[in-house]
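Remarks on the structure that follows.
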Amino acid sequence: MAPEESWEVNGTSTTPSTAEKLLVHHKENHFTAGEVVRDVILGVSDGLTVPFALAAGLSGANAPSSLILTAGLAEVAAGAISMGLGGYLAAKSEADHYMRELKREQEEIVTVPDIEAAEIGEILAQYGLEPHEYSPVVNALRNNPQAWLDFMMKFELGLEKPDPKRALQSALTIALSYVVGGLVPLLPYVFIPIAQKAMLTSIGVTLAALLFFGYVKGQFTGNYPLSSAVQTAFIGALASVAAYAMAKLVQST
């Protein structure tokens, strides 16, 4: 019976069976829902900012609360559809691009296998492996066409296989996030009939929401939460001030 292969880890000899036992008891704590969080951030940030600016602008034009609320809800509906459609098309384009490159790489493995094998060695050499070290890997991949194709897609082209449901999930996530964010600055106009008073309440509520959202966004994205909170609130406030000033300027002319 042939002895089991082994390698060293921190000066200790490790075999495949030992490594498997180590992996069973090791749990990774990496955050893996990046795409969903990205969609939520996109939807909520736009949802908080755009209706907020619209409501501020209409308030600056002395529009009644009922009109502001109606226009705001119409904008939220249209914005959610538009943002969701944009997310769907983006994810669909990404999936189509992956399939085109997959087909092209598959053809190259069949028609020019030696060149593709040389590219494996070139990739592994970038990680400090010598030819005598990566040659067994190259040969093993050449004997497993599917693994070879997956390796080239990931390490040569830097493409991950997209989830078939990604486009629809992205569209729904962005659209719903936009609606949730968009309703926040409009709520004061539901309960306060005087537009100027409703606007002041909307400013306070929306800025608080922007600060909270920016803080949570910073936690997920690895940025400084406080810095992210201030930056997000500043952008929202800037958009609303610009819309309000524009409305006042147009009204005065």
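Identifiers in this document derive from the order of the structure tokens: chains are assigned A, B, ..., residues are numbered from 1 separately in each chain, and ligands are numbered from 1 in order of occurrence.
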
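Residues in contact with A:Ile41 at 9 Å, where only C-alpha atoms are counted and same-chain residues fewer than 2 positions away are skipped, are listed as Val36, Val37, Arg38, Asp39, Gly43, Val44, Ser45, Asp46, Ile174, Ser177, Phe213 and Lys217 of chain A.
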
*Using only C-alpha atoms, which residues sit within 8 Å of A:Ala242 once same-chain residues fewer than 4 positions away are excluded, as a ChimeraX atom specification?*
/A:53,238,246

*Write out as a list in words which residues come within 10 Å of A:Val184 when counting only C-alpha atoms, dropping same-chain ones fewer than 4 positions away.*
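Counting only C-alpha atoms, the residues come to Gly47, Leu48, Thr49, Pro51, Phe52, Val179, Val180, Pro188, Ser202, Val205, Thr206, Ala209 and Leu210 of chain A.
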
_I'd like the neighbourhood of stretch 111-117 of chain A as a VMD selection string, where a residue qualifies if any of its atoms comes within 9 Å (using only C-alpha atoms), though same-chain residues fewer than 3 positions away should be ignored._
chain A and resid 105 to 108 120 to 122 138 to 139 141 to 142 148 152

Restricted to N, CA and C atoms, what would the selected residues look like written as a CSV table (one decimal), in the first residue's frame?
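The resulting file, part_39.csv, is shown below:
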```
chain,number,residue,atom,x,y,z
A,105,GLU,N,-13.9,30.1,-24.0
A,105,GLU,CA,-12.8,29.4,-23.3
A,105,GLU,C,-12.9,27.9,-23.5
A,106,GLN,N,-14.2,27.4,-23.6
A,106,GLN,CA,-14.4,25.9,-23.9
A,106,GLN,C,-13.8,25.6,-25.3
A,107,GLU,N,-14.0,26.4,-26.3
A,107,GLU,CA,-13.5,26.2,-27.6
A,107,GLU,C,-12.0,26.2,-27.6
A,108,GLU,N,-11.4,27.1,-26.9
A,108,GLU,CA,-9.9,27.3,-26.8
A,108,GLU,C,-9.3,26.0,-26.2
A,120,ILE,N,-2.1,28.0,-17.7
A,120,ILE,CA,-2.3,27.6,-16.3
A,120,ILE,C,-1.0,27.8,-15.6
A,121,GLY,N,0.1,27.3,-16.2
A,121,GLY,CA,1.4,27.5,-15.6
A,121,GLY,C,1.8,28.9,-15.3
A,122,GLU,N,1.4,29.8,-16.3
A,122,GLU,CA,1.7,31.2,-16.1
A,122,GLU,C,0.9,31.8,-14.9
A,138,VAL,N,-1.0,21.2,-13.6
A,138,VAL,CA,-1.4,21.4,-15.0
A,138,VAL,C,-1.9,20.0,-15.6
A,139,ASN,N,-1.1,19.0,-15.3
A,139,ASN,CA,-1.5,17.7,-15.9
A,139,ASN,C,-2.8,17.2,-15.3
A,141,LEU,N,-5.3,19.0,-14.2
A,141,LEU,CA,-6.4,19.8,-14.8
A,141,LEU,C,-6.7,19.4,-16.3
A,142,ARG,N,-5.6,19.0,-17.0
A,142,ARG,CA,-5.8,18.6,-18.4
A,142,ARG,C,-6.6,17.3,-18.5
A,148,TRP,N,-10.7,22.1,-15.5
A,148,TRP,CA,-9.9,23.0,-16.3
A,148,TRP,C,-10.6,24.2,-16.7
A,152,MET,N,-9.9,28.2,-15.5
A,152,MET,CA,-9.6,29.2,-16.4
A,152,MET,C,-10.6,30.4,-16.3
```

Using DSSP on the backbone coordinates, identify the residues of stretch 123-173 of chain A assigned to alpha helix (DSSP H); present them as a PDB file with C-alpha atoms, in the first residue's frame.
```pdb
ATOM      1  CA  ILE A 123      -1.131  31.813 -13.615  1.00  0.00           C
ATOM      2  CA  LEU A 124       0.352  29.523 -10.986  1.00  0.00           C
ATOM      3  CA  ALA A 125       3.804  31.060 -11.474  1.00  0.00           C
ATOM      4  CA  PRO A 131       7.574  24.664 -13.060  1.00  0.00           C
ATOM      5  CA  HIS A 132       8.333  21.402 -11.253  1.00  0.00           C
ATOM      6  CA  GLU A 133       5.764  22.354  -8.606  1.00  0.00           C
ATOM      7  CA  TYR A 134       2.882  23.342 -10.867  1.00  0.00           C
ATOM      8  CA  SER A 135       3.409  20.716 -13.591  1.00  0.00           C
ATOM      9  CA  PRO A 136       1.387  18.051 -11.681  1.00  0.00           C
ATOM     10  CA  VAL A 137      -1.433  20.573 -11.267  1.00  0.00           C
ATOM     11  CA  VAL A 138      -1.411  21.366 -14.980  1.00  0.00           C
ATOM     12  CA  ASN A 139      -1.517  17.669 -15.881  1.00  0.00           C
ATOM     13  CA  ALA A 140      -4.309  16.986 -13.398  1.00  0.00           C
ATOM     14  CA  LEU A 141      -6.420  19.799 -14.837  1.00  0.00           C
ATOM     15  CA  ARG A 142      -5.802  18.610 -18.416  1.00  0.00           C
ATOM     16  CA  PRO A 145     -11.823  19.220 -18.697  1.00  0.00           C
ATOM     17  CA  GLN A 146     -14.624  20.623 -16.508  1.00  0.00           C
ATOM     18  CA  ALA A 147     -12.237  21.520 -13.684  1.00  0.00           C
ATOM     19  CA  TRP A 148      -9.863  22.967 -16.288  1.00  0.00           C
ATOM     20  CA  LEU A 149     -12.647  25.155 -17.687  1.00  0.00           C
ATOM     21  CA  ASP A 150     -13.725  26.314 -14.213  1.00  0.00           C
ATOM     22  CA  PHE A 151     -10.111  27.127 -13.320  1.00  0.00           C
ATOM     23  CA  ARG A 166     -29.636  36.584  -9.660  1.00  0.00           C
ATOM     24  CA  ALA A 167     -31.340  38.916 -12.167  1.00  0.00           C
ATOM     25  CA  LEU A 168     -34.825  38.537 -10.677  1.00  0.00           C
ATOM     26  CA  GLN A 169     -33.526  38.662  -7.104  1.00  0.00           C
ATOM     27  CA  SER A 170     -31.566  41.817  -7.857  1.00  0.00           C
ATOM     28  CA  ALA A 171     -34.583  43.505  -9.439  1.00  0.00           C
ATOM     29  CA  LEU A 172     -36.881  42.696  -6.518  1.00  0.00           C
ATOM     30  CA  THR A 173     -34.299  43.603  -3.869  1.00  0.00           C
TER      31      THR A 173
END
```

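Note that atom CA of A:Ser228 and atom CA of A:Val190 are 29.8 Å apart.
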